[in-house]
file protein25.txt (compact mmCIF, C-alpha atoms and all ligand atoms)
# COMPACT_ATOMS: atom_id res chain seq x y z
CA MET G 1 100.07 103.50 80.14
CA ASN G 2 96.50 102.09 80.14
CA THR G 3 94.91 102.53 83.57
CA PRO G 4 94.35 99.05 85.09
CA ASP G 5 90.83 98.50 86.53
CA GLY G 6 92.19 98.33 90.09
CA LEU G 7 93.84 101.72 89.73
CA ARG G 8 90.66 103.22 88.26
CA ALA G 9 88.73 101.97 91.32
CA ILE G 10 91.26 103.64 93.65
CA LEU G 11 90.93 106.94 91.80
CA GLU G 12 87.11 106.79 91.77
CA ASP G 13 86.77 105.99 95.49
CA PRO G 14 90.05 106.93 97.23
CA ALA G 15 88.51 106.78 100.72
CA GLY G 16 87.99 103.03 100.24
CA ALA G 17 91.54 102.39 99.04
CA VAL G 18 94.35 100.68 100.94
CA ILE G 19 97.83 101.37 99.57
CA GLY G 20 100.33 98.69 100.68
CA LEU G 21 104.03 99.38 100.24
CA ASP G 22 107.17 97.36 100.80
CA PHE G 23 110.18 99.27 102.19
CA ASP G 24 113.59 98.13 100.84
CA GLY G 25 113.79 98.31 97.05
CA THR G 26 110.35 99.95 96.82
CA LEU G 27 110.35 103.04 99.05
CA SER G 28 114.09 102.90 99.69
CA PRO G 29 116.80 102.33 97.06
CA ILE G 30 118.87 99.17 97.54
CA VAL G 31 122.29 99.95 99.06
CA PRO G 32 125.19 97.66 100.08
CA ASP G 33 124.85 98.24 103.85
CA PRO G 34 121.35 97.54 105.25
CA ALA G 35 121.92 100.11 108.02
CA SER G 36 122.47 102.84 105.42
CA ALA G 37 119.14 102.39 103.62
CA ARG G 38 116.91 105.48 103.66
CA ILE G 39 113.65 106.35 101.95
CA HIS G 40 113.85 107.96 98.49
CA PRO G 41 114.16 111.76 98.94
CA ASP G 42 110.66 112.32 97.48
CA GLY G 43 109.12 109.69 99.78
CA PRO G 44 108.13 111.66 102.88
CA ALA G 45 106.31 114.37 100.89
CA VAL G 46 104.60 111.95 98.49
CA LEU G 47 103.40 109.69 101.33
CA ALA G 48 102.21 112.64 103.41
CA ARG G 49 100.10 113.85 100.44
CA LEU G 50 98.72 110.43 99.62
CA GLY G 51 98.05 109.58 103.27
CA GLY G 52 95.60 112.46 103.45
CA LEU G 53 93.77 111.31 100.32
CA VAL G 54 93.28 107.52 100.58
CA GLY G 55 91.69 105.24 103.17
CA ALA G 56 95.02 104.02 104.56
CA ILE G 57 98.66 103.45 103.74
CA ALA G 58 100.31 100.33 105.18
CA VAL G 59 104.06 99.77 104.90
CA ILE G 60 104.53 95.99 105.07
CA THR G 61 108.18 95.10 105.51
CA GLY G 62 110.69 92.50 106.65
CA ARG G 63 112.33 95.22 108.73
CA PRO G 64 111.42 95.81 112.35
CA ALA G 65 108.57 98.34 112.26
CA ALA G 66 110.55 100.92 114.26
CA THR G 67 113.45 100.69 111.79
CA ALA G 68 111.14 101.34 108.84
CA VAL G 69 109.61 104.32 110.69
CA GLU G 70 113.09 105.72 111.34
CA TYR G 71 114.73 105.01 107.95
CA GLY G 72 111.53 106.06 106.16
CA SER G 73 110.86 109.25 108.18
CA LEU G 74 107.33 107.84 108.39
CA ALA G 75 106.21 109.13 111.79
CA GLY G 76 104.41 112.17 110.32
CA VAL G 77 102.47 110.44 107.53
CA PRO G 78 98.71 110.77 108.23
CA GLY G 79 97.10 107.49 109.30
CA LEU G 80 100.07 105.36 108.23
CA VAL G 81 100.45 101.87 109.72
CA VAL G 82 103.72 99.90 109.59
CA LEU G 83 103.48 96.09 109.72
CA GLY G 84 107.04 95.03 110.51
CA HIS G 85 108.70 91.58 110.46
CA TYR G 86 106.31 90.48 107.66
CA GLY G 87 103.32 91.46 109.81
CA LEU G 88 104.39 90.18 113.25
CA GLU G 89 104.81 93.73 114.54
CA ARG G 90 102.52 96.72 114.18
CA TRP G 91 103.38 100.39 114.56
CA GLU G 92 100.56 102.90 114.54
CA ALA G 93 100.41 106.48 115.82
CA GLY G 94 103.70 106.04 117.70
CA THR G 95 102.72 102.79 119.44
CA LEU G 96 104.46 99.50 118.71
CA THR G 97 102.83 96.13 119.38
CA ALA G 98 104.73 92.87 118.99
CA PRO G 99 104.61 89.25 120.20
CA PRO G 100 107.34 87.73 122.39
CA VAL G 101 110.65 86.94 120.66
CA HIS G 102 110.75 83.34 119.27
CA PRO G 103 112.98 81.21 121.57
CA GLY G 104 114.86 79.69 118.58
CA LEU G 105 116.49 83.04 117.82
CA ALA G 106 118.87 82.94 120.79
CA ARG G 107 120.36 79.65 119.58
CA VAL G 108 120.54 80.68 115.93
CA ARG G 109 122.21 84.00 116.74
CA ALA G 110 125.38 82.42 118.17
CA GLU G 111 125.65 79.61 115.61
CA LEU G 112 124.97 81.91 112.68
CA SER G 113 127.69 84.34 113.73
CA ARG G 114 130.12 81.42 113.89
CA LEU G 115 129.09 80.19 110.43
CA VAL G 116 129.20 83.62 108.80
CA SER G 117 132.61 84.45 110.28
CA THR G 118 134.04 81.69 108.04
CA VAL G 119 132.58 83.19 104.83
CA ASP G 120 134.28 86.22 103.20
CA GLY G 121 131.96 89.15 102.59
CA ALA G 122 128.92 87.70 104.39
CA SER G 123 127.41 89.60 107.32
CA VAL G 124 124.64 89.19 109.89
CA GLU G 125 121.87 91.73 110.47
CA ASP G 126 120.33 91.15 113.89
CA LYS G 127 116.72 92.38 113.94
CA GLU G 128 115.78 90.99 117.39
CA ARG G 129 112.73 89.05 116.10
CA ALA G 130 114.72 87.66 113.13
CA VAL G 131 118.29 87.44 111.89
CA ALA G 132 119.36 87.97 108.30
CA VAL G 133 122.52 86.82 106.51
CA HIS G 134 123.55 89.22 103.75
CA THR G 135 125.96 88.49 100.88
CA ARG G 136 125.63 91.66 98.74
CA ARG G 137 129.08 92.83 99.87
CA ALA G 138 130.82 89.53 99.00
CA ALA G 139 133.09 89.36 95.93
CA ASP G 140 130.56 86.96 94.34
CA PRO G 141 127.23 87.64 96.13
CA GLN G 142 125.26 84.88 94.36
CA ALA G 143 127.87 82.13 94.86
CA THR G 144 128.23 83.16 98.51
CA LEU G 145 124.45 83.02 98.97
CA GLU G 146 124.32 79.55 97.39
CA ALA G 147 127.13 78.33 99.65
CA LEU G 148 125.21 79.48 102.73
CA ARG G 149 121.76 78.24 101.66
CA GLU G 150 122.06 74.69 103.01
CA PRO G 151 123.79 75.36 106.37
CA VAL G 152 121.38 78.25 107.03
CA ALA G 153 118.36 76.04 106.22
CA LYS G 154 119.71 73.39 108.61
CA LEU G 155 120.14 75.92 111.43
CA ALA G 156 116.65 77.29 110.84
CA ALA G 157 115.07 73.82 110.93
CA GLU G 158 116.88 72.93 114.17
CA ALA G 159 115.63 76.14 115.80
CA GLY G 160 112.03 75.87 114.51
CA LEU G 161 112.43 78.94 112.29
CA THR G 162 111.68 79.47 108.62
CA VAL G 163 114.07 80.78 105.93
CA GLU G 164 112.88 83.82 103.98
CA PRO G 165 115.05 84.33 100.88
CA GLY G 166 115.46 87.73 99.24
CA LYS G 167 117.89 89.85 97.28
CA PHE G 168 121.29 88.49 98.41
CA VAL G 169 119.80 87.73 101.81
CA LEU G 170 118.61 84.66 103.74
CA GLU G 171 116.50 85.58 106.72
CA LEU G 172 115.68 83.28 109.65
CA ARG G 173 112.35 84.22 111.15
CA PRO G 174 109.29 82.73 112.89
CA SER G 175 106.81 80.99 110.59
CA GLY G 176 103.05 81.52 110.37
CA MET G 177 103.06 85.07 109.08
CA ASP G 178 103.85 86.57 105.69
CA LYS G 179 103.05 89.75 103.78
CA GLY G 180 99.97 88.12 102.22
CA VAL G 181 98.49 87.16 105.58
CA ALA G 182 99.31 90.64 106.92
CA LEU G 183 97.79 92.47 103.94
CA SER G 184 94.63 90.31 103.86
CA ALA G 185 93.99 90.96 107.57
CA PHE G 186 94.55 94.70 107.10
CA LEU G 187 92.11 94.81 104.16
CA ARG G 188 89.45 93.12 106.29
CA GLU G 189 90.14 95.39 109.27
CA ARG G 190 89.71 98.52 107.11
CA ALA G 191 86.79 97.13 105.07
CA ALA G 192 88.81 98.11 101.99
CA ARG G 193 87.02 98.59 98.68
CA SER G 194 90.19 98.57 96.57
CA VAL G 195 93.88 97.83 97.04
CA LEU G 196 97.30 98.56 95.57
CA PHE G 197 100.46 96.77 96.68
CA ALA G 198 103.96 97.70 95.50
CA GLY G 199 106.99 95.50 96.11
CA ASP G 200 110.31 94.42 94.61
CA ASP G 201 111.38 91.08 96.11
CA LEU G 202 110.40 87.46 96.72
CA GLY G 203 108.81 88.28 100.09
CA ASP G 204 106.35 90.55 98.30
CA LEU G 205 104.91 87.78 96.15
CA ALA G 206 102.57 86.68 98.96
CA ALA G 207 101.15 90.22 99.07
CA PHE G 208 100.70 90.24 95.28
CA ALA G 209 98.78 86.95 95.64
CA ALA G 210 96.68 88.46 98.45
CA VAL G 211 95.72 91.39 96.19
CA ARG G 212 94.54 88.89 93.54
CA ALA G 213 92.74 86.69 96.09
CA SER G 214 91.02 89.59 97.85
CA GLY G 215 88.15 89.82 95.36
CA LEU G 216 88.62 93.59 95.42
CA PRO G 217 89.59 95.74 92.48
CA GLY G 218 93.34 95.60 92.94
CA VAL G 219 96.61 96.52 91.34
CA THR G 220 100.07 95.03 91.82
CA VAL G 221 103.12 97.22 91.21
CA PHE G 222 106.62 95.78 90.72
CA SER G 223 109.48 98.10 91.61
CA GLY G 224 111.79 96.83 88.88
CA SER G 225 115.55 96.27 88.96
CA ALA G 226 118.08 94.10 87.15
CA GLU G 227 118.13 91.66 90.10
CA ILE G 228 114.80 89.85 89.76
CA SER G 229 111.79 90.02 87.53
CA VAL G 230 108.22 89.54 88.71
CA GLU G 231 104.88 89.73 86.91
CA ALA G 232 102.70 92.63 88.00
CA ASP G 233 99.97 94.89 86.61
CA ILE G 234 102.36 97.84 86.57
CA VAL G 235 106.16 97.74 86.39
CA VAL G 236 108.05 100.89 87.36
CA ASP G 237 111.74 101.74 87.51
CA GLY G 238 112.71 101.19 91.16
CA PRO G 239 111.87 103.53 94.05
CA ALA G 240 112.07 106.63 91.79
CA GLY G 241 109.37 105.06 89.59
CA VAL G 242 107.29 104.17 92.66
CA MET G 243 107.45 107.81 93.84
CA GLU G 244 106.39 109.01 90.39
CA LEU G 245 103.45 106.59 90.35
CA LEU G 246 102.28 107.47 93.88
CA GLY G 247 102.65 111.17 93.07
CA SER G 248 100.57 110.75 89.92
CA ILE G 249 97.85 108.93 91.92
CA ALA G 250 97.78 111.83 94.42
CA ASP G 251 97.63 114.32 91.51
CA ALA G 252 94.70 112.49 89.89
CA ILE G 253 92.75 112.27 93.19
CA GLU G 254 93.34 115.98 93.88
CA ARG G 255 92.30 116.96 90.32
CA GLN G 256 89.14 114.93 90.69
CA THR G 257 88.32 116.46 94.11
CA ALA G 258 88.93 119.99 92.77
CA GLY G 259 86.71 119.26 89.73
CA GLY G 260 83.87 118.25 92.08
O1 LIG G 301 110.41 93.70 103.10
P1 LIG G 301 111.47 94.70 102.80
O2 LIG G 301 111.19 96.04 103.34
O3 LIG G 301 111.84 94.74 101.35
O4 LIG G 301 112.77 94.12 103.56
C1 LIG G 301 113.41 92.94 103.06
C2 LIG G 301 114.87 92.94 103.52
O5 LIG G 301 115.42 94.17 103.10
C3 LIG G 301 116.72 94.56 103.54
O6 LIG G 301 117.66 93.93 102.73
C4 LIG G 301 117.63 94.39 101.40
O7 LIG G 301 117.95 95.80 101.37
C5 LIG G 301 119.31 96.10 101.82
C6 LIG G 301 119.46 97.62 101.83
O8 LIG G 301 119.18 98.18 100.59
C7 LIG G 301 120.31 95.41 100.87
O9 LIG G 301 121.63 95.67 101.30
C8 LIG G 301 120.06 93.90 100.88
O10 LIG G 301 120.88 93.27 99.90
C9 LIG G 301 118.58 93.60 100.53
O11 LIG G 301 118.30 92.21 100.67
C10 LIG G 301 116.90 94.31 105.02
O12 LIG G 301 118.25 94.51 105.37
C11 LIG G 301 116.37 92.98 105.49
O13 LIG G 301 116.41 92.91 106.89
C12 LIG G 301 114.92 92.86 105.04
O14 LIG G 301 114.37 91.64 105.49
call {"tool": "encode", "arguments": {"input": "protein25.txt", "output": "structure tokens"}}
result
Amino acid sequence: MNTPDGLRAILEDPAGAVIGLDFDGTLSPIVPDPASARIHPDGPAVLARLGGLVGAIAVITGRPAATAVEYGSLAGVPGLVVLGHYGLERWEAGTLTAPPVHPGLARVRAELSRLVSTVDGASVEDKERAVAVHTRRAADPQATLEALREPVAKLAAEAGLTVEPGKFVLELRPSGMDKGVALSAFLRERAARSVLFAGDDLGDLAAFAAVRASGLPGVTVFSGSAEISVEADIVVDGPAGVMELLGSIADAIERQTAGG
């Protein structure tokens, strides 16, 4: 693989680099039950190494930040920040900060459960600051998702929420924040000199756009699967490929440091 310019900048000046990572489908393999998702077995060690070498690692996820910390075994990664709920929440050094829960969620919760109980194979994931409707476990996940799209959009509009679509999921969440806004703010906060963002789903496209708009040397990494295809500077084979790439970045930085 040719080394993209953004990656070269990260290797030349790792202290100025921000590494942004999505959770599901990027750090954690996709599984049928959202509550069973866990980070790839190589993840904790790779992130711990890389965290000690770069400016900062930020996990930017649609999950609640505390869930990503738990499912990702992330608590021990040096300097790691988790921006949960697409950036609404922030977890850092064991402390969680979050805004009040959007009032529309109480209404949606009850009505969504009623709606989903009429659809075979669909399920609700309640994340407190958002609710997600999953169809991966339906007999026909795509047809089930399509059948739910309109009633879910109607419920969201009535409650003043936005619909975030993803891999066999429709999420109802507060508007005004996305992974691009979250990543851009984090790059400014850390006075980043380069950036990498890795993701696998529609919600990650805003972060890819933020990398391109940042004016920094940057690299986008798509954690590839058969489910969707997205243009990126580097395409790897799912979470195992992400681990390999992050490990090779850590190797290259360590080689360079050892070589003086
Ligand atoms: O931003 P992310 O970290 O990628 O989170 C996005 C959504 O991911 C989860 O759902 C996805 O992963 C599940 C577990 O592998 C899978 O069953 C589901 O089909 C995927 O859509 C999570 O459950 C959602 O809450 C996140 O918003």
call {"tool": "atom_distance", "arguments": {"input": "protein25.txt", "atom1": "CA of Gly84 in chain G", "atom2": "CA of Val133 in chain G"}}
result
18.0 Å
call {"tool": "residues_near_ligand", "arguments": {"input": "protein25.txt", "ligand": "ligand LIG 301 (chain G)", "cutoff": "6 Å", "atoms": "only C-alpha atoms and all ligand atoms", "output": "list in words"}}
result
Asp22, Phe23, Asp24, Gly25, Pro29, Ile30, Val31, Pro32, Asp33, Pro34, Ala37, Thr61, Gly62, Arg63, Ala132, Arg136, Gly166, Lys167, Phe168 and Val169 of chain G
call {"tool": "residues_around", "arguments": {"input": "protein25.txt", "residues": "Ile39 in chain G", "least_positions_apart": "2", "cutoff": "8 Å", "atoms": "only C-alpha atoms", "output": "ChimeraX atom specification"}}
result
/G:23,27-29,37,41,43-44,71-73
call {"tool": "closest_atom_pairs", "arguments": {"input": "protein25.txt", "of": "range 64-128 of chain G", "to": "range 186-209 of chain G", "cutoff": "12 Å", "atoms": "only C-alpha atoms", "output": "tab-separated table"}}
result
residue	atom	partner	partner_atom	distance
G:Gly79	CA	G:Arg190	CA	11.8
G:Val81	CA	G:Phe186	CA	9.6
G:Val82	CA	G:Phe186	CA	10.8
G:Leu83	CA	G:Phe186	CA	9.4
G:His85	CA	G:Gly203	CA	10.9
G:Tyr86	CA	G:Gly203	CA	8.3
G:Gly87	CA	G:Phe186	CA	9.7
G:Arg90	CA	G:Phe186	CA	10.9
call {"tool": "residues_around", "arguments": {"input": "protein25.txt", "residues": "Thr26 in chain G", "least_positions_apart": "5", "cutoff": "10 Å", "atoms": "all atoms listed in the file", "output": "mmCIF file with C-alpha atoms, in the coordinates of the input"}}
result
data_model
loop_
_atom_site.group_PDB
_atom_site.id
_atom_site.type_symbol
_atom_site.label_atom_id
_atom_site.label_comp_id
_atom_site.auth_asym_id
_atom_site.auth_seq_id
_atom_site.Cartn_x
_atom_site.Cartn_y
_atom_site.Cartn_z
ATOM 1 C CA LEU G 21 104.030 99.380 100.240
ATOM 2 C CA ILE G 39 113.650 106.350 101.950
ATOM 3 C CA HIS G 40 113.850 107.960 98.490
ATOM 4 C CA ALA G 198 103.960 97.700 95.500
ATOM 5 C CA GLY G 199 106.990 95.500 96.110
ATOM 6 C CA ASP G 200 110.310 94.420 94.610
ATOM 7 C CA ASP G 201 111.380 91.080 96.110
ATOM 8 C CA VAL G 221 103.120 97.220 91.210
ATOM 9 C CA PHE G 222 106.620 95.780 90.720
ATOM 10 C CA SER G 223 109.480 98.100 91.610
ATOM 11 C CA GLY G 224 111.790 96.830 88.880
ATOM 12 C CA VAL G 236 108.050 100.890 87.360
ATOM 13 C CA ASP G 237 111.740 101.740 87.510
ATOM 14 C CA GLY G 238 112.710 101.190 91.160
ATOM 15 C CA PRO G 239 111.870 103.530 94.050
ATOM 16 C CA ALA G 240 112.070 106.630 91.790
ATOM 17 C CA GLY G 241 109.370 105.060 89.590
ATOM 18 C CA VAL G 242 107.290 104.170 92.660
ATOM 19 C CA MET G 243 107.450 107.810 93.840
#
call {"tool": "atom_distance", "arguments": {"input": "protein25.txt", "atom1": "CA of Pro151 in chain G", "atom2": "CA of Glu227 in chain G"}}
result
23.7 Å
call {"tool": "residues_around", "arguments": {"input": "protein25.txt", "residues": "Ala93 in chain G", "least_positions_apart": "6", "cutoff": "12 Å", "atoms": "only C-alpha atoms", "output": "PDB file with C-alpha atoms, in the coordinates of the input"}}
result
ATOM      1  CA  ALA G  66     110.550 100.920 114.260  1.00  0.00           C
ATOM      2  CA  VAL G  69     109.610 104.320 110.690  1.00  0.00           C
ATOM      3  CA  LEU G  74     107.330 107.840 108.390  1.00  0.00           C
ATOM      4  CA  ALA G  75     106.210 109.130 111.790  1.00  0.00           C
ATOM      5  CA  GLY G  76     104.410 112.170 110.320  1.00  0.00           C
ATOM      6  CA  VAL G  77     102.470 110.440 107.530  1.00  0.00           C
ATOM      7  CA  PRO G  78      98.710 110.770 108.230  1.00  0.00           C
ATOM      8  CA  GLY G  79      97.100 107.490 109.300  1.00  0.00           C
ATOM      9  CA  LEU G  80     100.070 105.360 108.230  1.00  0.00           C
ATOM     10  CA  VAL G  81     100.450 101.870 109.720  1.00  0.00           C
ATOM     11  CA  VAL G  82     103.720  99.900 109.590  1.00  0.00           C
TER      12      VAL G  82
END
call {"tool": "closest_residue", "arguments": {"input": "protein25.txt", "among": "G:Gly6, G:Leu88, G:Arg149, G:Leu53", "to": "Gly176 in chain G", "atoms": "only C-alpha atoms"}}
result
G:Leu88
call {"tool": "residues_near_point", "arguments": {"input": "protein25.txt", "point": "(92.2, 113.2, 100.5)", "cutoff": "8 Å", "atoms": "only C-alpha atoms", "output": "ChimeraX atom specification"}}
result
/G:14-15,49-54,253-254
call {"tool": "closest_residue", "arguments": {"input": "protein25.txt", "among": "G:Ala232, G:Ile19, G:Val219, G:Val181", "to": "Pro4 in chain G", "atoms": "all atoms listed in the file"}}
result
G:Val219
call {"tool": "atom_distance", "arguments": {"input": "protein25.txt", "atom1": "CA of Val211 in chain G", "atom2": "CA of Gly160 in chain G"}}
result
29.0 Å
call {"tool": "closest_residue", "arguments": {"input": "protein25.txt", "among": "G:Ala130, G:Met177, G:Val46, G:Ala17", "to": "Leu245 in chain G", "atoms": "all atoms listed in the file"}}
result
G:Val46
call {"tool": "closest_residue", "arguments": {"input": "protein25.txt", "among": "G:Leu172, G:Leu155, G:Ile10, G:Val119", "to": "Ala139 in chain G", "atoms": "only C-alpha atoms"}}
result
G:Val119
call {"tool": "decode", "arguments": {"input": "protein25.txt", "residues": "range 194-212 of chain G", "atoms": "N, CA and C atoms", "output": "compact mmCIF listing (two decimals), in the first residue's frame"}}
result
# COMPACT_ATOMS: atom_id res chain seq x y z
N SER G 194 -2.41 16.68 12.74
CA SER G 194 -2.81 15.68 11.75
C SER G 194 -3.93 14.85 12.36
N VAL G 195 -4.63 14.11 11.49
CA VAL G 195 -5.80 13.37 11.98
C VAL G 195 -6.04 12.12 11.15
N LEU G 196 -6.46 11.06 11.83
CA LEU G 196 -6.95 9.84 11.18
C LEU G 196 -8.32 9.56 11.77
N PHE G 197 -9.30 9.21 10.92
CA PHE G 197 -10.57 8.72 11.46
C PHE G 197 -10.93 7.43 10.76
N ALA G 198 -11.30 6.42 11.56
CA ALA G 198 -11.72 5.12 11.01
C ALA G 198 -13.16 4.85 11.39
N GLY G 199 -13.97 4.46 10.40
CA GLY G 199 -15.37 4.15 10.65
C GLY G 199 -15.90 3.17 9.62
N ASP G 200 -17.16 2.72 9.85
CA ASP G 200 -17.71 1.68 8.97
C ASP G 200 -19.13 1.94 8.52
N ASP G 201 -19.76 3.04 8.98
CA ASP G 201 -21.22 3.14 8.77
C ASP G 201 -21.60 4.57 8.37
N LEU G 202 -22.88 4.75 8.07
CA LEU G 202 -23.34 6.05 7.57
C LEU G 202 -23.05 7.19 8.56
N GLY G 203 -23.17 6.92 9.85
CA GLY G 203 -22.92 7.94 10.86
C GLY G 203 -21.48 8.42 10.89
N ASP G 204 -20.60 7.66 10.25
CA ASP G 204 -19.17 8.04 10.24
C ASP G 204 -18.83 8.98 9.08
N LEU G 205 -19.78 9.13 8.14
CA LEU G 205 -19.47 9.95 6.97
C LEU G 205 -19.21 11.41 7.37
N ALA G 206 -19.92 11.89 8.39
CA ALA G 206 -19.72 13.28 8.84
C ALA G 206 -18.29 13.45 9.38
N ALA G 207 -17.77 12.42 10.02
CA ALA G 207 -16.39 12.50 10.53
C ALA G 207 -15.39 12.45 9.37
N PHE G 208 -15.68 11.63 8.36
CA PHE G 208 -14.81 11.61 7.17
C PHE G 208 -14.77 13.01 6.53
N ALA G 209 -15.96 13.65 6.45
CA ALA G 209 -16.03 14.99 5.86
C ALA G 209 -15.25 15.98 6.73
N ALA G 210 -15.32 15.81 8.05
CA ALA G 210 -14.60 16.72 8.96
C ALA G 210 -13.08 16.57 8.79
N VAL G 211 -12.62 15.35 8.54
CA VAL G 211 -11.18 15.15 8.29
C VAL G 211 -10.79 15.97 7.06
N ARG G 212 -11.61 15.86 6.00
CA ARG G 212 -11.28 16.55 4.73
C ARG G 212 -11.38 18.06 4.89
